[in-house]
Structures are given as C-alpha cells and as structure tokens.
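A.B. asks: So I've got this file, run10.cif, and it contains mmCIF, N, CA and C atoms and all ligand atoms:
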data_my_file
#
loop_
_atom_site.label_atom_id
_atom_site.label_comp_id
_atom_site.auth_asym_id
_atom_site.auth_seq_id
_atom_site.Cartn_x
_atom_site.Cartn_y
_atom_site.Cartn_z
N MET B 1 -6.17 19.28 10.11
CA MET B 1 -5.87 17.92 10.54
C MET B 1 -4.52 17.50 10.00
N PHE B 2 -3.92 16.55 10.72
CA PHE B 2 -2.58 16.11 10.36
C PHE B 2 -2.47 15.72 8.89
N HIS B 3 -3.45 14.96 8.41
CA HIS B 3 -3.31 14.48 7.04
C HIS B 3 -3.52 15.56 6.00
N HIS B 4 -3.90 16.74 6.44
CA HIS B 4 -3.98 17.85 5.49
C HIS B 4 -2.75 18.76 5.58
N MET B 5 -1.88 18.46 6.55
CA MET B 5 -0.66 19.26 6.66
C MET B 5 0.27 18.91 5.51
N PRO B 6 0.82 19.92 4.84
CA PRO B 6 1.72 19.61 3.73
C PRO B 6 3.00 18.94 4.21
N VAL B 7 3.40 17.92 3.53
CA VAL B 7 4.66 17.25 3.83
C VAL B 7 5.54 17.44 2.61
N PRO B 8 6.72 18.02 2.79
CA PRO B 8 7.59 18.25 1.62
C PRO B 8 7.86 16.95 0.88
N ASP B 9 7.81 17.01 -0.45
CA ASP B 9 8.05 15.82 -1.26
C ASP B 9 9.38 15.17 -0.93
N SER B 10 10.40 16.02 -0.63
CA SER B 10 11.72 15.45 -0.34
C SER B 10 11.66 14.61 0.93
N THR B 11 10.88 15.05 1.90
CA THR B 11 10.74 14.28 3.14
C THR B 11 10.06 12.95 2.86
N VAL B 12 8.99 12.98 2.10
CA VAL B 12 8.28 11.75 1.76
C VAL B 12 9.20 10.81 0.99
N GLY B 13 9.95 11.38 0.07
CA GLY B 13 10.89 10.56 -0.71
C GLY B 13 11.95 9.92 0.17
N ASP B 14 12.47 10.68 1.13
CA ASP B 14 13.47 10.14 2.05
C ASP B 14 12.87 9.02 2.90
N LEU B 15 11.65 9.25 3.37
CA LEU B 15 11.00 8.23 4.20
C LEU B 15 10.73 6.97 3.39
N LEU B 16 10.33 7.14 2.13
CA LEU B 16 10.09 5.98 1.28
C LEU B 16 11.40 5.23 1.00
N ASP B 17 12.46 5.97 0.74
CA ASP B 17 13.76 5.32 0.53
C ASP B 17 14.16 4.50 1.75
N ALA B 18 13.97 5.09 2.94
CA ALA B 18 14.33 4.38 4.17
C ALA B 18 13.48 3.12 4.33
N LEU B 19 12.22 3.23 3.99
CA LEU B 19 11.31 2.08 4.09
C LEU B 19 11.77 0.97 3.14
N LEU B 20 12.06 1.32 1.92
CA LEU B 20 12.46 0.31 0.94
C LEU B 20 13.82 -0.31 1.29
N ARG B 21 14.72 0.49 1.83
CA ARG B 21 16.04 -0.03 2.24
C ARG B 21 15.93 -1.01 3.40
N ALA B 22 14.90 -0.83 4.23
CA ALA B 22 14.75 -1.65 5.44
C ALA B 22 14.22 -3.05 5.11
N GLY B 23 13.79 -3.28 3.88
CA GLY B 23 13.36 -4.63 3.48
C GLY B 23 11.94 -4.97 3.87
N PRO B 24 10.95 -4.30 3.27
CA PRO B 24 9.55 -4.56 3.62
C PRO B 24 9.17 -6.03 3.36
N ALA B 25 8.55 -6.64 4.33
CA ALA B 25 8.17 -8.05 4.20
C ALA B 25 7.02 -8.24 3.21
N CYS B 26 6.28 -7.18 2.92
CA CYS B 26 5.10 -7.30 2.04
C CYS B 26 5.45 -7.03 0.59
N ARG B 27 6.69 -6.86 0.27
CA ARG B 27 7.08 -6.48 -1.09
C ARG B 27 7.50 -7.70 -1.90
N GLY B 28 7.11 -7.71 -3.17
CA GLY B 28 7.63 -8.71 -4.08
C GLY B 28 6.76 -9.93 -4.26
N ASP B 29 5.71 -10.09 -3.50
CA ASP B 29 4.82 -11.23 -3.63
C ASP B 29 3.40 -10.68 -3.79
N ALA B 30 2.83 -10.80 -4.99
CA ALA B 30 1.53 -10.18 -5.27
C ALA B 30 0.44 -10.72 -4.34
N ALA B 31 0.45 -12.01 -4.08
CA ALA B 31 -0.59 -12.58 -3.22
C ALA B 31 -0.49 -12.00 -1.81
N LEU B 32 0.72 -11.86 -1.35
CA LEU B 32 0.93 -11.28 -0.03
C LEU B 32 0.53 -9.81 -0.02
N ALA B 33 0.91 -9.10 -1.06
CA ALA B 33 0.58 -7.68 -1.14
C ALA B 33 -0.94 -7.46 -1.12
N ASP B 34 -1.70 -8.40 -1.68
CA ASP B 34 -3.16 -8.26 -1.70
C ASP B 34 -3.77 -8.27 -0.31
N LEU B 35 -3.05 -8.80 0.66
CA LEU B 35 -3.56 -8.78 2.04
C LEU B 35 -3.66 -7.36 2.58
N PHE B 36 -2.83 -6.48 2.04
CA PHE B 36 -2.64 -5.18 2.68
C PHE B 36 -3.60 -4.09 2.20
N VAL B 37 -4.31 -4.36 1.13
CA VAL B 37 -5.24 -3.34 0.63
C VAL B 37 -6.60 -3.95 0.32
N SER B 38 -7.62 -3.12 0.38
CA SER B 38 -8.96 -3.57 0.05
C SER B 38 -9.04 -3.89 -1.44
N PRO B 39 -10.00 -4.74 -1.82
CA PRO B 39 -10.23 -4.95 -3.25
C PRO B 39 -10.61 -3.62 -3.89
N ASP B 40 -10.59 -3.56 -5.22
CA ASP B 40 -10.89 -2.28 -5.86
C ASP B 40 -12.33 -1.83 -5.58
N ALA B 41 -12.62 -0.61 -5.99
CA ALA B 41 -13.88 0.03 -5.64
C ALA B 41 -15.10 -0.71 -6.17
N PHE B 42 -14.93 -1.58 -7.17
CA PHE B 42 -16.08 -2.26 -7.76
C PHE B 42 -16.33 -3.62 -7.13
N GLU B 43 -15.53 -3.95 -6.15
CA GLU B 43 -15.63 -5.26 -5.52
C GLU B 43 -15.93 -5.04 -4.04
N GLU B 44 -17.05 -5.55 -3.60
CA GLU B 44 -17.42 -5.37 -2.19
C GLU B 44 -16.67 -6.34 -1.31
N GLU B 45 -16.21 -5.85 -0.17
CA GLU B 45 -15.51 -6.72 0.77
C GLU B 45 -16.32 -6.76 2.07
N PRO B 46 -16.93 -7.90 2.36
CA PRO B 46 -17.71 -7.99 3.60
C PRO B 46 -16.83 -7.72 4.81
N ASP B 47 -17.43 -7.19 5.87
CA ASP B 47 -16.68 -6.82 7.07
C ASP B 47 -15.85 -7.97 7.62
N GLU B 48 -16.44 -9.16 7.70
CA GLU B 48 -15.71 -10.28 8.28
C GLU B 48 -14.50 -10.65 7.41
N VAL B 49 -14.67 -10.60 6.10
CA VAL B 49 -13.56 -10.88 5.18
C VAL B 49 -12.45 -9.84 5.37
N ARG B 50 -12.86 -8.58 5.51
CA ARG B 50 -11.87 -7.51 5.73
C ARG B 50 -11.10 -7.72 7.03
N ARG B 51 -11.85 -8.08 8.08
CA ARG B 51 -11.19 -8.30 9.38
C ARG B 51 -10.15 -9.41 9.29
N VAL B 52 -10.50 -10.50 8.63
CA VAL B 52 -9.57 -11.63 8.50
C VAL B 52 -8.35 -11.20 7.68
N ARG B 53 -8.61 -10.49 6.58
CA ARG B 53 -7.51 -10.04 5.72
C ARG B 53 -6.56 -9.11 6.49
N GLU B 54 -7.15 -8.13 7.20
CA GLU B 54 -6.32 -7.17 7.94
C GLU B 54 -5.53 -7.87 9.06
N LYS B 55 -6.15 -8.85 9.69
CA LYS B 55 -5.44 -9.56 10.76
C LYS B 55 -4.24 -10.32 10.18
N ALA B 56 -4.44 -10.93 9.02
CA ALA B 56 -3.33 -11.64 8.37
C ALA B 56 -2.21 -10.67 7.99
N ALA B 57 -2.60 -9.51 7.48
CA ALA B 57 -1.59 -8.51 7.11
C ALA B 57 -0.83 -8.04 8.34
N LYS B 58 -1.55 -7.78 9.42
CA LYS B 58 -0.90 -7.31 10.65
C LYS B 58 0.07 -8.35 11.19
N THR B 59 -0.24 -9.62 10.99
CA THR B 59 0.67 -10.69 11.43
C THR B 59 1.99 -10.61 10.66
N VAL B 60 1.92 -10.31 9.37
CA VAL B 60 3.14 -10.14 8.58
C VAL B 60 3.94 -8.95 9.12
N CYS B 61 3.24 -7.88 9.44
CA CYS B 61 3.91 -6.67 9.93
C CYS B 61 4.68 -6.93 11.23
N LEU B 62 4.16 -7.83 12.06
CA LEU B 62 4.79 -8.06 13.36
C LEU B 62 6.27 -8.40 13.25
N SER B 63 6.64 -9.15 12.21
CA SER B 63 8.04 -9.56 12.10
C SER B 63 8.76 -8.85 10.94
N CYS B 64 8.17 -7.77 10.45
CA CYS B 64 8.77 -7.06 9.32
C CYS B 64 9.93 -6.17 9.81
N PRO B 65 11.08 -6.28 9.17
CA PRO B 65 12.22 -5.45 9.59
C PRO B 65 12.03 -3.97 9.26
N ALA B 66 11.05 -3.67 8.42
CA ALA B 66 10.85 -2.27 8.00
C ALA B 66 9.72 -1.60 8.78
N ARG B 67 9.28 -2.20 9.85
CA ARG B 67 8.08 -1.69 10.51
C ARG B 67 8.21 -0.24 10.99
N ALA B 68 9.31 0.10 11.61
CA ALA B 68 9.46 1.47 12.11
C ALA B 68 9.48 2.47 10.96
N ALA B 69 10.21 2.12 9.90
CA ALA B 69 10.27 3.02 8.73
C ALA B 69 8.91 3.11 8.06
N CYS B 70 8.19 2.00 8.05
CA CYS B 70 6.85 1.97 7.46
C CYS B 70 5.91 2.90 8.22
N LEU B 71 6.00 2.88 9.54
CA LEU B 71 5.14 3.76 10.34
C LEU B 71 5.45 5.23 10.06
N SER B 72 6.72 5.57 9.99
CA SER B 72 7.09 6.97 9.71
C SER B 72 6.55 7.41 8.35
N TYR B 73 6.70 6.53 7.37
CA TYR B 73 6.22 6.87 6.02
C TYR B 73 4.70 7.01 6.02
N ALA B 74 4.02 6.04 6.64
CA ALA B 74 2.56 6.07 6.62
C ALA B 74 2.02 7.31 7.34
N LEU B 75 2.64 7.69 8.45
CA LEU B 75 2.18 8.88 9.16
C LEU B 75 2.39 10.13 8.31
N ALA B 76 3.40 10.10 7.46
CA ALA B 76 3.66 11.27 6.59
C ALA B 76 2.69 11.34 5.43
N VAL B 77 2.32 10.20 4.86
CA VAL B 77 1.47 10.24 3.66
C VAL B 77 -0.01 10.06 3.98
N ASN B 78 -0.32 9.60 5.19
CA ASN B 78 -1.71 9.42 5.61
C ASN B 78 -2.55 8.68 4.57
N PRO B 79 -2.28 7.41 4.38
CA PRO B 79 -3.00 6.65 3.34
C PRO B 79 -4.48 6.50 3.66
N ASP B 80 -5.30 6.43 2.62
CA ASP B 80 -6.74 6.26 2.79
C ASP B 80 -7.12 4.81 3.04
N ASP B 81 -6.22 3.91 2.76
CA ASP B 81 -6.58 2.50 2.78
C ASP B 81 -5.34 1.69 3.17
N GLY B 82 -5.59 0.46 3.51
CA GLY B 82 -4.49 -0.48 3.69
C GLY B 82 -4.06 -0.67 5.13
N VAL B 83 -3.16 -1.63 5.28
CA VAL B 83 -2.52 -1.90 6.57
C VAL B 83 -1.07 -1.47 6.43
N TRP B 84 -0.62 -0.68 7.39
CA TRP B 84 0.73 -0.12 7.38
C TRP B 84 1.32 -0.29 8.77
N ALA B 85 2.46 -0.89 8.86
CA ALA B 85 3.15 -1.04 10.16
C ALA B 85 2.24 -1.67 11.22
N GLY B 86 1.38 -2.55 10.79
CA GLY B 86 0.51 -3.23 11.74
C GLY B 86 -0.74 -2.44 12.12
N LEU B 87 -1.00 -1.35 11.42
CA LEU B 87 -2.17 -0.52 11.73
C LEU B 87 -2.99 -0.30 10.46
N THR B 88 -4.30 -0.24 10.63
CA THR B 88 -5.13 0.15 9.48
C THR B 88 -4.99 1.66 9.28
N SER B 89 -5.45 2.14 8.13
CA SER B 89 -5.37 3.58 7.88
C SER B 89 -6.18 4.35 8.93
N TYR B 90 -7.28 3.77 9.37
CA TYR B 90 -8.09 4.41 10.42
C TYR B 90 -7.29 4.49 11.73
N GLN B 91 -6.63 3.39 12.08
CA GLN B 91 -5.83 3.39 13.30
C GLN B 91 -4.65 4.37 13.18
N LEU B 92 -4.10 4.50 12.00
CA LEU B 92 -3.01 5.47 11.79
C LEU B 92 -3.50 6.90 12.05
N ARG B 93 -4.69 7.20 11.56
CA ARG B 93 -5.22 8.56 11.76
C ARG B 93 -5.45 8.83 13.25
N ARG B 94 -5.93 7.82 13.97
CA ARG B 94 -6.14 7.99 15.41
C ARG B 94 -4.80 8.20 16.12
N ARG B 95 -3.80 7.45 15.71
CA ARG B 95 -2.47 7.60 16.33
C ARG B 95 -1.92 9.00 16.05
N ALA B 96 -2.06 9.46 14.81
CA ALA B 96 -1.57 10.79 14.45
C ALA B 96 -2.28 11.85 15.28
N ALA B 97 -3.58 11.66 15.50
CA ALA B 97 -4.34 12.64 16.29
C ALA B 97 -3.84 12.65 17.74
N ARG B 98 -3.54 11.47 18.29
CA ARG B 98 -3.03 11.40 19.66
C ARG B 98 -1.68 12.11 19.77
N VAL B 99 -0.80 11.87 18.78
CA VAL B 99 0.52 12.52 18.79
C VAL B 99 0.35 14.03 18.70
N ARG B 100 -0.58 14.45 17.84
CA ARG B 100 -0.81 15.89 17.66
C ARG B 100 -1.31 16.52 18.96
N ARG B 101 -2.24 15.83 19.64
CA ARG B 101 -2.76 16.37 20.91
C ARG B 101 -1.67 16.42 21.96
N ALA B 102 -0.84 15.39 22.00
CA ALA B 102 0.21 15.32 23.03
C ALA B 102 1.26 16.40 22.82
N SER B 103 1.47 16.81 21.57
CA SER B 103 2.51 17.80 21.30
C SER B 103 1.96 19.21 21.18
N ALA B 104 0.65 19.37 21.37
CA ALA B 104 0.05 20.70 21.26
C ALA B 104 0.55 21.58 22.40
N VAL B 105 0.84 22.83 22.08
CA VAL B 105 1.28 23.78 23.11
C VAL B 105 0.05 24.29 23.83
N PRO B 106 0.03 24.12 25.17
CA PRO B 106 -1.16 24.57 25.90
C PRO B 106 -1.31 26.09 25.85
N VAL B 107 -2.54 26.52 25.77
CA VAL B 107 -2.80 27.97 25.79
C VAL B 107 -2.89 28.40 27.24
N THR B 108 -1.96 29.24 27.66
CA THR B 108 -1.95 29.66 29.07
C THR B 108 -2.47 31.06 29.26
N GLU B 109 -2.53 31.82 28.19
CA GLU B 109 -3.06 33.18 28.29
C GLU B 109 -4.10 33.40 27.22
N VAL B 110 -5.13 34.10 27.58
CA VAL B 110 -6.15 34.46 26.61
C VAL B 110 -5.94 35.93 26.26
N PRO B 111 -5.70 36.23 24.99
CA PRO B 111 -5.46 37.63 24.60
C PRO B 111 -6.66 38.49 24.96
N ALA B 112 -6.36 39.74 25.39
CA ALA B 112 -7.44 40.67 25.77
C ALA B 112 -8.20 41.11 24.55
S1 LIG D 201 5.38 -3.14 8.40
FE1 LIG D 201 3.79 -4.27 7.28
S2 LIG D 201 2.98 -2.84 5.74
FE2 LIG D 201 4.93 -2.03 6.51
S3 LIG D 201 6.48 -2.72 5.06
FE3 LIG D 201 6.37 -4.21 6.72
S4 LIG D 201 4.93 -5.79 6.10
FE4 LIG D 201 4.64 -4.01 4.76
#
Let me see whether you can do it: turn the structure in this file into structure tokens.
Ligand code: SF4
C.D. replies:
Amino acid sequence: MFHHMPVPDSTVGDLLDALLRAGPACRGDAALADLFVSPDAFEEEPDEVRRVREKAAKTVCLSCPARAACLSYALAVNPDDGVWAGLTSYQLRRRAARVRRASAVPVTEVPA
C-alpha cells in the first residue's frame, strides 16, 4: 500500500520545508491547531464532536496558502490522524489509492 512505500527522508524534509515556507494557516495558534487533531488516546471524542471539529478545520484549510504543499507532504507521510489540506487522514488514504490505481501500468500479457 502507498503508506507502506518508503519515502526518502530528504524528500519528506523538502516537502515539509515547502509546506512551512508557504505559510500554514494552522500554525502558531494552539487553539486553532487543536481543531486539526483528535484529542489524545485517553480522551474519547464523540462522532458528532469529531465531525464538527473536522469541518471547522477544513474551513481553515480552504483559504490556507499552503494547501497544495500540505497535500503533497501529507500524501508522502500518510498521517494516521488529523485534517490535512482539507482532507481527513482517511480521505487522504482514499485519494492516494485512487492516484495509485490511475497510474498503475495495465497488464497486457500474461507470462506463459
Ligand atoms: S491546508 Fe490546512 S492542515 Fe494544511 S497547512 Fe493549511 S490549514 Fe494547516
């Protein structure tokens, strides 16, 4: 699966540098940053609370100047949690799977 494919550290570092240079809207404000990730493992987050939180985070992403860089970084690191570039980690995995399927080389011959 895509998220198990090794990504060179230098590539991840470059993508993170590009993301930080682009001016992430979610950076620098702890209250705002809390919108983007689930509470810690010892704190239960009801589904409806999570939906509201993620929707608020996605709204911030809509006008974030770093959105494209954020998507590239998130697709490279495949986060387990959070909202990235307007997508949840689950939505990111689905997008990565679609990209992988679209770029797969079709098998036209079956070896004898
Ligand atoms: S797109 Fe969203 S998650 Fe990514 S840097 Fe911007 S505000 Fe943060």
A.B. asks: What residues of the protein or nucleic acid chains come within 6 Å of ligand LIG 201 (chain D) when you use all atoms listed in the file? Reply as JSON, numbers by chain.
C.D. replies: {"B": [24, 25, 26, 27, 60, 61, 62, 64, 65, 66, 67, 70, 71, 83, 84, 85, 86]}
A.B. asks: Just the number, please: distance in Å from CA of Asp14 in chain B to CA of Asp40 in chain B, one decimal.
C.D. replies: 28.5 Å
A.B. asks: Considering only N, CA and C atoms, return as a ChimeraX atom specification whatever protein or nucleic-acid residues lie within 8 Å of Tyr73 in chain B, sequence-local ones (same chain, fewer than 6 positions apart) excluded.
C.D. replies: /B:11-12,14-16,19,67,79
A.B. asks: Please indicate the distance in Å from CA of Leu92 in chain B to CA of Val52 in chain B, rounded to one decimal place.
C.D. replies: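 Between these atoms lies a distance of 18.6 Å.
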A.B. asks: Could you please write out, as number ranges by chain, every residue of chain B that DSSP assigns to helix (DSSP H, G or I)?
C.D. replies: B: 2-4, 9-21, 30-36, 47-62, 67-77, 89-103
A.B. asks: Using only C-alpha atoms, which protein or nucleic acid residues come within 9 Å of Asp81 in chain B? Drop anything in the same chain fewer than 5 positions from it, and give the result as a list in words.
C.D. replies: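 In the requested format, the answer is Phe36, Val37, Ser38, Thr88, Ser89 and Tyr90 of chain B.
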A.B. asks: Which residue gives the smallest distance to Ala74 in chain B among B:Val49, B:Ala96, B:Pro39, B:Lys58, with only C-alpha atoms counted?
C.D. replies: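 Between B:Val49, B:Ala96, B:Pro39, B:Lys58, the residue approaching Ala74 in chain B most closely is B:Ala96.
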A.B. asks: Separation of atom N of Arg21 in chain B and atom N of Arg98 in chain B, in Å?
C.D. replies: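 So the two atoms, atom N of Arg21 in chain B and atom N of Arg98 in chain B, lie 26.9 Å apart.
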